[in-house]
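Raw coords-v5.cif, mmCIF, C-alpha atoms:
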```
data_start
#
loop_
_atom_site.label_atom_id
_atom_site.label_comp_id
_atom_site.auth_asym_id
_atom_site.auth_seq_id
_atom_site.Cartn_x
_atom_site.Cartn_y
_atom_site.Cartn_z
CA MET A 16 -8.12 -4.47 38.95
CA ASP A 17 -4.60 -5.72 39.69
CA TRP A 18 -3.88 -7.50 36.40
CA ASP A 19 -0.65 -9.03 37.75
CA LEU A 20 -2.39 -10.74 40.68
CA ARG A 21 -5.22 -11.81 38.40
CA ALA A 22 -2.76 -13.50 36.04
CA CYS A 23 -0.92 -15.17 38.91
CA ALA A 24 -4.20 -16.43 40.37
CA ARG A 25 -5.02 -18.09 37.03
CA GLN A 26 -1.58 -19.27 35.91
CA GLY A 27 0.40 -19.50 39.15
CA HIS A 28 3.32 -17.40 40.34
CA GLU A 29 6.35 -17.21 38.06
CA THR A 30 9.34 -17.70 40.37
CA TYR A 31 12.83 -17.98 38.91
CA ALA A 32 16.16 -19.02 40.44
CA PRO A 33 19.18 -17.53 38.62
CA THR A 34 22.24 -19.76 38.60
CA GLU A 35 24.37 -16.73 39.54
CA ARG A 36 24.44 -16.74 43.33
CA ARG A 37 24.69 -12.99 43.80
CA TYR A 38 21.50 -12.50 41.79
CA ALA A 39 19.63 -15.42 43.37
CA GLU A 40 20.13 -13.93 46.83
CA GLN A 41 18.19 -10.83 45.75
CA LEU A 42 15.18 -12.94 44.81
CA THR A 43 14.86 -15.00 48.01
CA ALA A 44 13.70 -14.33 51.55
CA PRO A 45 13.62 -16.59 54.62
CA THR A 46 10.14 -17.38 55.98
CA ALA A 47 8.69 -19.67 58.64
CA ALA A 48 7.66 -22.02 55.81
CA GLY A 49 11.17 -22.07 54.36
CA THR A 50 12.87 -20.13 51.60
CA ALA A 51 10.52 -18.01 49.50
CA TRP A 52 11.21 -16.89 45.93
CA ARG A 53 9.92 -13.64 44.49
CA CYS A 54 7.40 -13.85 41.64
CA LEU A 55 8.68 -12.06 38.55
CA ARG A 56 5.14 -11.01 37.64
CA CYS A 57 3.44 -9.69 40.80
CA GLY A 58 6.45 -9.34 43.11
CA ALA A 59 5.06 -11.55 45.92
CA PHE A 60 7.41 -13.89 47.78
CA VAL A 61 6.23 -17.48 47.37
CA PRO A 62 7.43 -20.22 49.76
CA GLY A 63 8.74 -23.38 48.16
CA PRO A 64 11.08 -24.26 45.30
CA PRO A 65 11.24 -21.91 42.30
CA ARG A 66 9.19 -22.73 39.25
CA ARG A 67 12.16 -22.34 36.92
CA SER A 68 15.89 -21.83 37.09
CA GLY A 69 18.73 -20.92 34.76
CA PRO A 70 21.06 -18.07 33.85
CA ALA A 71 19.86 -14.56 34.62
CA ALA A 72 19.99 -13.67 30.93
CA ALA A 73 17.46 -16.46 30.20
CA ALA A 74 14.91 -15.26 32.77
CA PRO A 75 11.44 -14.87 31.20
CA VAL A 76 10.09 -11.43 30.40
CA LEU A 77 6.42 -11.58 31.38
CA LEU A 78 3.35 -9.60 30.49
CA ARG A 79 2.59 -7.28 33.39
CA GLY A 80 0.20 -4.49 34.23
CA ARG A 81 -0.96 -2.64 31.14
CA ALA A 82 0.41 -5.36 28.86
CA LEU A 83 -1.80 -7.91 30.63
CA ARG A 84 -4.82 -5.66 30.22
CA ASP A 85 -4.06 -5.28 26.51
CA ALA A 86 -3.78 -9.06 26.18
CA PHE A 87 -7.19 -9.46 27.87
CA VAL A 88 -8.79 -6.99 25.43
CA LEU A 89 -7.17 -8.68 22.42
CA ARG A 90 -8.44 -12.07 23.53
CA LEU A 91 -11.95 -10.65 23.90
CA LEU A 92 -11.66 -9.46 20.30
CA ALA A 93 -10.34 -12.90 19.35
CA ALA A 94 -13.37 -14.57 20.94
CA GLU A 95 -15.73 -12.21 19.08
CA ARG A 96 -13.93 -12.91 15.79
CA GLY A 97 -14.05 -16.65 16.46
CA VAL A 98 -17.81 -16.63 17.09
CA ARG A 99 -18.36 -14.55 13.96
CA GLY A 100 -16.19 -16.91 11.91
CA VAL A 101 -18.13 -19.98 13.06
CA LEU A 102 -21.46 -18.29 12.26
CA LEU A 103 -20.22 -17.33 8.79
CA LEU A 104 -19.13 -20.91 8.14
CA ALA A 105 -22.57 -22.09 9.22
CA ALA A 106 -24.16 -19.55 6.84
CA ALA A 107 -21.97 -20.77 3.96
CA ALA A 108 -23.00 -24.36 4.66
CA ALA A 109 -26.66 -23.30 4.79
CA VAL A 110 -26.38 -21.60 1.39
CA LEU A 111 -24.87 -24.74 -0.12
CA GLN A 112 -27.64 -26.85 1.39
CA PHE A 113 -30.24 -24.41 0.07
CA ARG A 114 -28.66 -24.58 -3.40
CA SER A 115 -28.90 -28.36 -3.45
CA SER A 116 -32.56 -28.24 -2.35
CA GLN A 117 -33.75 -25.38 -4.60
CA ALA A 118 -35.95 -27.51 -6.85
CA SER A 119 -37.73 -29.32 -4.03
CA LEU A 120 -38.24 -26.07 -2.08
CA ARG A 121 -39.65 -24.36 -5.17
CA GLN A 122 -42.13 -27.21 -5.59
CA LEU A 123 -43.01 -27.09 -1.89
CA LEU A 124 -43.74 -23.37 -2.10
CA ALA A 125 -45.91 -23.82 -5.18
CA ASN A 126 -47.97 -26.56 -3.47
CA ASP A 127 -48.33 -25.05 0.00
CA LEU A 128 -48.80 -21.36 -0.76
CA PRO A 129 -52.38 -21.78 -2.10
CA ALA A 130 -53.28 -23.84 0.96
CA ALA A 131 -52.13 -21.06 3.27
CA GLN A 132 -53.83 -18.34 1.25
CA GLY A 133 -57.24 -19.01 2.81
CA LEU A 134 -55.94 -18.43 6.34
CA ALA A 135 -54.08 -15.32 5.19
CA ASP A 136 -57.28 -13.92 3.65
CA ARG A 137 -59.16 -14.37 6.92
CA LEU A 138 -56.35 -12.51 8.73
CA GLN A 139 -56.52 -9.83 6.02
CA TYR A 140 -52.87 -10.44 5.13
CA ASP A 141 -51.66 -10.31 1.52
CA LEU A 142 -49.51 -13.43 1.54
CA THR A 143 -48.58 -13.51 -2.16
CA ASP A 144 -47.29 -9.93 -2.10
CA SER A 145 -45.57 -10.11 1.30
CA ALA A 146 -41.89 -9.27 1.63
CA LEU A 147 -41.19 -12.75 3.02
CA VAL A 148 -42.69 -14.57 0.04
CA ARG A 149 -41.11 -12.18 -2.47
CA GLY A 150 -37.72 -12.70 -0.89
CA LEU A 151 -38.15 -16.46 -0.79
CA ARG A 152 -39.13 -16.53 -4.46
CA ARG A 153 -36.11 -14.43 -5.43
CA ALA A 154 -33.87 -16.82 -3.52
CA LEU A 155 -35.45 -19.87 -5.13
CA ASP A 156 -35.08 -18.32 -8.57
CA ALA A 157 -31.44 -17.34 -8.04
CA PRO A 158 -28.97 -19.14 -10.35
CA GLY A 159 -26.98 -21.92 -8.78
CA SER A 160 -23.74 -20.16 -9.74
CA THR A 161 -24.79 -17.06 -7.78
CA LEU A 162 -25.48 -19.12 -4.66
CA LEU A 163 -22.13 -20.88 -5.10
CA LEU A 164 -20.33 -17.53 -5.26
CA LEU A 165 -22.23 -16.37 -2.18
CA ALA A 166 -21.20 -19.48 -0.25
CA ALA A 167 -17.57 -19.03 -1.36
CA GLY A 168 -17.62 -15.40 -0.24
CA LEU A 169 -19.04 -16.32 3.16
CA ALA A 170 -16.43 -19.07 3.58
CA ALA A 171 -13.61 -16.67 2.65
CA TYR A 172 -14.91 -14.08 5.10
CA ALA A 173 -15.11 -16.79 7.78
CA ALA A 174 -11.50 -17.78 7.08
CA VAL A 175 -10.37 -14.18 7.57
CA GLU A 176 -12.25 -13.96 10.88
CA LEU A 177 -10.85 -17.27 12.14
CA VAL A 178 -7.27 -16.32 11.21
CA GLU A 179 -7.74 -13.08 13.15
CA ALA A 180 -9.18 -15.02 16.11
CA VAL A 181 -6.29 -17.49 16.32
CA GLY A 182 -3.58 -14.86 15.84
CA LEU A 183 -5.07 -12.44 18.37
CA TRP A 184 -5.61 -15.20 20.93
CA LEU A 185 -1.93 -16.16 20.61
CA LEU A 186 -0.98 -12.45 20.88
CA LYS A 187 0.95 -12.48 17.61
CA ARG A 188 2.02 -9.12 16.26
CA TRP A 189 1.31 -10.12 12.66
CA ALA A 190 -2.28 -10.80 13.72
CA GLU A 191 -2.61 -7.24 15.00
CA TYR A 192 -1.59 -5.88 11.58
CA PHE A 193 -3.82 -8.42 9.82
CA THR A 194 -6.81 -7.52 11.99
CA VAL A 195 -6.39 -3.79 11.45
CA VAL A 196 -6.05 -4.12 7.67
CA ALA A 197 -8.89 -6.65 7.30
CA THR A 198 -11.25 -4.71 9.56
CA ALA A 199 -10.51 -1.39 7.87
CA ALA A 200 -11.11 -2.98 4.46
CA PHE A 201 -14.70 -3.84 5.42
CA VAL A 202 -15.52 -0.42 6.92
CA PRO A 203 -16.61 1.09 3.55
CA LEU A 204 -19.07 -1.78 3.08
CA GLU A 205 -20.49 -1.21 6.55
CA VAL A 206 -20.86 2.50 5.84
CA TYR A 207 -22.64 1.64 2.57
CA ASP A 208 -25.02 -0.63 4.49
CA LEU A 209 -25.78 2.23 6.86
CA VAL A 210 -26.51 4.55 3.96
CA GLU A 211 -28.95 1.97 2.62
CA LYS A 212 -30.65 1.41 5.98
CA VAL A 213 -29.77 2.49 9.51
CA THR A 214 -30.19 -0.18 12.20
CA TRP A 215 -28.80 -0.42 15.72
CA LEU A 216 -27.03 -3.65 14.80
CA ARG A 217 -25.21 -2.05 11.87
CA VAL A 218 -24.31 1.04 13.87
CA GLY A 219 -23.02 -1.10 16.74
CA ALA A 220 -20.94 -3.30 14.43
CA LEU A 221 -19.35 -0.26 12.78
CA LEU A 222 -18.53 1.38 16.12
CA VAL A 223 -17.03 -1.85 17.50
CA ASN A 224 -14.82 -2.28 14.44
CA LEU A 225 -13.65 1.34 14.46
CA ALA A 226 -12.90 1.15 18.19
CA ALA A 227 -10.99 -2.12 17.70
CA VAL A 228 -8.85 -0.62 14.92
CA ALA A 229 -8.07 2.51 16.93
CA TYR A 230 -7.27 0.55 20.10
CA ILE A 231 -4.94 -1.94 18.41
CA VAL A 232 -3.08 0.70 16.37
CA LEU A 233 -2.53 3.01 19.36
CA SER A 234 -1.86 0.46 22.10
CA LYS A 235 0.40 -1.76 19.98
CA ARG A 236 2.09 1.16 18.18
CA LEU A 237 1.45 -0.27 14.71
CA PHE A 238 2.57 1.39 11.46
CA GLY A 239 5.15 3.48 13.32
CA ILE A 240 2.54 5.18 15.53
CA ARG A 241 3.94 6.39 18.90
CA GLY A 242 7.44 5.18 18.10
CA GLY A 243 6.51 1.91 16.41
CA HIS A 244 7.72 -1.55 17.33
CA ALA A 245 10.98 -0.35 18.90
CA ALA A 246 9.09 1.82 21.40
CA TYR A 247 6.66 -1.05 22.07
CA ALA A 248 9.53 -3.45 22.81
CA ARG A 249 11.17 -0.93 25.15
CA GLU A 250 7.87 -0.44 26.96
CA ARG A 251 7.48 -4.20 27.40
CA ALA A 252 10.99 -4.53 28.80
CA SER A 253 10.60 -1.54 31.11
CA VAL A 254 7.60 -3.00 32.94
CA ALA A 255 9.19 -6.44 33.45
CA LEU A 256 9.72 -7.12 37.15
CA LEU A 257 13.17 -8.71 36.82
CA GLU A 258 14.80 -8.26 40.23
CA VAL A 259 18.00 -9.77 38.87
CA GLN A 260 18.59 -6.56 36.91
CA GLU A 261 18.08 -4.38 39.98
CA ALA A 262 20.45 -6.53 42.00
CA ALA A 263 23.10 -6.28 39.31
CA GLY A 264 22.82 -2.49 39.31
CA GLU A 265 23.03 -2.29 43.09
CA ASP A 266 26.20 -4.35 43.49
CA GLY A 267 28.01 -2.52 40.70
CA ALA A 268 28.18 -5.42 38.29
CA GLY A 269 26.14 -3.53 35.69
CA PRO A 270 22.76 -4.47 34.26
CA VAL A 271 22.11 -8.01 33.17
CA ALA A 272 20.82 -8.59 29.64
CA VAL A 273 17.48 -10.32 29.48
CA ALA A 274 15.77 -12.30 26.78
CA ALA A 275 14.01 -10.36 24.06
CA PRO A 276 10.41 -9.60 25.12
CA ALA A 277 8.85 -11.26 22.10
CA ALA A 278 10.72 -14.52 22.64
CA SER A 279 9.24 -15.63 25.94
CA ALA A 280 6.25 -13.38 26.60
CA ARG A 281 3.39 -14.82 28.60
#
```

Take the structure in this file and express it as structure tokens.
Amino acid sequence: MDWDLRACARQGHETYAPTERRYAEQLTAPTAAGTAWRCLRCGAFVPGPPRRSGPAAAAPVLLRGRALRDAFVLRLLAAERGVRGVLLLAAAAAVLQFRSSQASLRQLLANDLPAAQGLADRLQYDLTDSALVRGLRRALDAPGSTLLLLAAGLAAYAAVELVEAVGLWLLKRWAEYFTVVATAAFVPLEVYDLVEKVTWLRVGALLVNLAAVAYIVLSKRLFGIRGGHAAYARERASVALLEVQEAAGEDGAGPVAVAAPAASAR
């Protein structure tokens, strides 16, 4: 997949007209449809007026190639975290609703269980000793304070997931650190769950979280890995298709400074 063309198809070409004439000439080409400006992302010449203009030093540094692919993966993770956060909030609300209805549900179980016992006997099913009924009774007998703590824990977990989702979707570097630390903190609990009982869902969740941590740490060079943030910033700048810089080098004027990658990344 050509990630540059994909981004341009969704967001439009990013053409830029430097105010310095000698640099602007390197970014234009005459066509039958009029003057075309070169896209800073995919390199295609686009007929019509430029999308932006300004000094060469203020030209945007765009996500390109591998950086665009990384952004796509991070936003997939953000979507997964967002869905999980919403489900956890719904679970917290359900626990609070259950807590407020404990007495009426306990009475309902006491009244209806004997009525259903006859049908269960015909089906040769031990209803009173079933795992479902035992679990329901334990839940109904749980102290209100315990359910309140459970709801608070679910809400806090949901908040963590939603913060991760928003930060990753906006491609913030702090969110990458936050996601790695928060995800790694829950890995021991997931391993404990697997020790208690192995299910495909638990195995899949653990593998997804471990893969997400490894991918973010390695691709984003977190915690000093592979040169750290300085190496990441240099990599971002090196893949930017800023023809103004090439033009400056060719005519002997020296390279033109560009905006810091983190300031105007798209």

Exercise for the section: Run the PyMOL selection byres ((chain A and resi 183-187) around 7) mentally over the shown coordinates, then write out the matched residues as a ChimeraX atom specification, using the chain letters and numbers from the document. Expected result: /A:86,89-90,93,179-182,188-191

Practice task
Have a look at atom CA of A:Arg25 and atom CA of A:Ser68 and let me know their distance in Å, one decimal.
Solution key: 21.2 Å

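The interatomic distance for the pair atom CA of A:Ala154 and atom CA of A:Val101 works out to 23.1 Å.
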
Listed atoms of stretch 193-200 of chain A boxed along x, y and z, 3 Å each side, centre and edge lengths in Å, one decimal, as JSON:
```
{"center_x": -7.5, "center_y": -4.9, "center_z": 8.2, "size_x": 13.4, "size_y": 13.0, "size_z": 13.5}
```

Practice task
Would you translate the PyMOL selection byres ((chain A and resi 231) around 12) into the concrete set of residues it matches in this file, as a count of residues only?
Solution key: 34

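Every residue that the PyMOL selection byres ((chain A and resi 69) around 8) selects in this file is listed here: A:Tyr31, A:Ala32, A:Pro33, A:Thr34, A:Arg67, A:Ser68, A:Pro70, A:Ala71, A:Ala73, A:Ala74.
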
Taking C-alpha atoms for each residue, export the selection above as an mmCIF file, in the frame of the given file.
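Final output, selection34.cif:
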```cif
data_model
loop_
_atom_site.group_PDB
_atom_site.id
_atom_site.type_symbol
_atom_site.label_atom_id
_atom_site.label_comp_id
_atom_site.auth_asym_id
_atom_site.auth_seq_id
_atom_site.Cartn_x
_atom_site.Cartn_y
_atom_site.Cartn_z
ATOM 1 C CA TYR A 31 12.830 -17.980 38.910
ATOM 2 C CA ALA A 32 16.160 -19.020 40.440
ATOM 3 C CA PRO A 33 19.180 -17.530 38.620
ATOM 4 C CA THR A 34 22.240 -19.760 38.600
ATOM 5 C CA ARG A 67 12.160 -22.340 36.920
ATOM 6 C CA SER A 68 15.890 -21.830 37.090
ATOM 7 C CA PRO A 70 21.060 -18.070 33.850
ATOM 8 C CA ALA A 71 19.860 -14.560 34.620
ATOM 9 C CA ALA A 73 17.460 -16.460 30.200
ATOM 10 C CA ALA A 74 14.910 -15.260 32.770
#
```

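Separating atom CA of A:Leu77 from atom CA of A:Cys23 is a distance of 11.1 Å.
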
Handout entry: Of the listed residues A:Ala59, A:Val98, A:Cys54, A:Ala246, that which approaches A:Pro75 most closely, counting all atoms listed in the file
Key = A:Cys54

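Candidate residues A:Ala108, A:Arg96, A:Gly63, A:Lys212 were compared for distance to A:Ala197, and the nearest is A:Arg96, using only C-alpha atoms.
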
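Residue neighbourhood of A:Thr50, excluding near-sequence residues (fewer than 4 positions): Thr43, Ala44, Pro45, Thr46, Pro62, Gly63 and Pro64 of chain A, at 8 Å, using all atoms listed in the file.
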
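Using all atoms listed in the file, the smallest distance between any of A:Val213, A:Asp19, A:Ala174, A:Leu221 and A:Gly80 comes from A:Asp19.
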
Problem - From A:Ala72, A:Ala170, A:Leu103, A:Val210, residue lying nearest A:Tyr38 [only C-alpha atoms] - result: A:Ala72

Problem - Nearest to A:Trp18 by atom-to-atom distance, counting only C-alpha atoms, from A:Ala107, A:Ala82, A:Leu42, A:Val206 - result: A:Ala82

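In terms of minimum interatomic distance to A:Gly159, A:Arg114 ranks closest within A:Arg114, A:Glu40, A:Arg249, A:Asp17, counting all atoms listed in the file.
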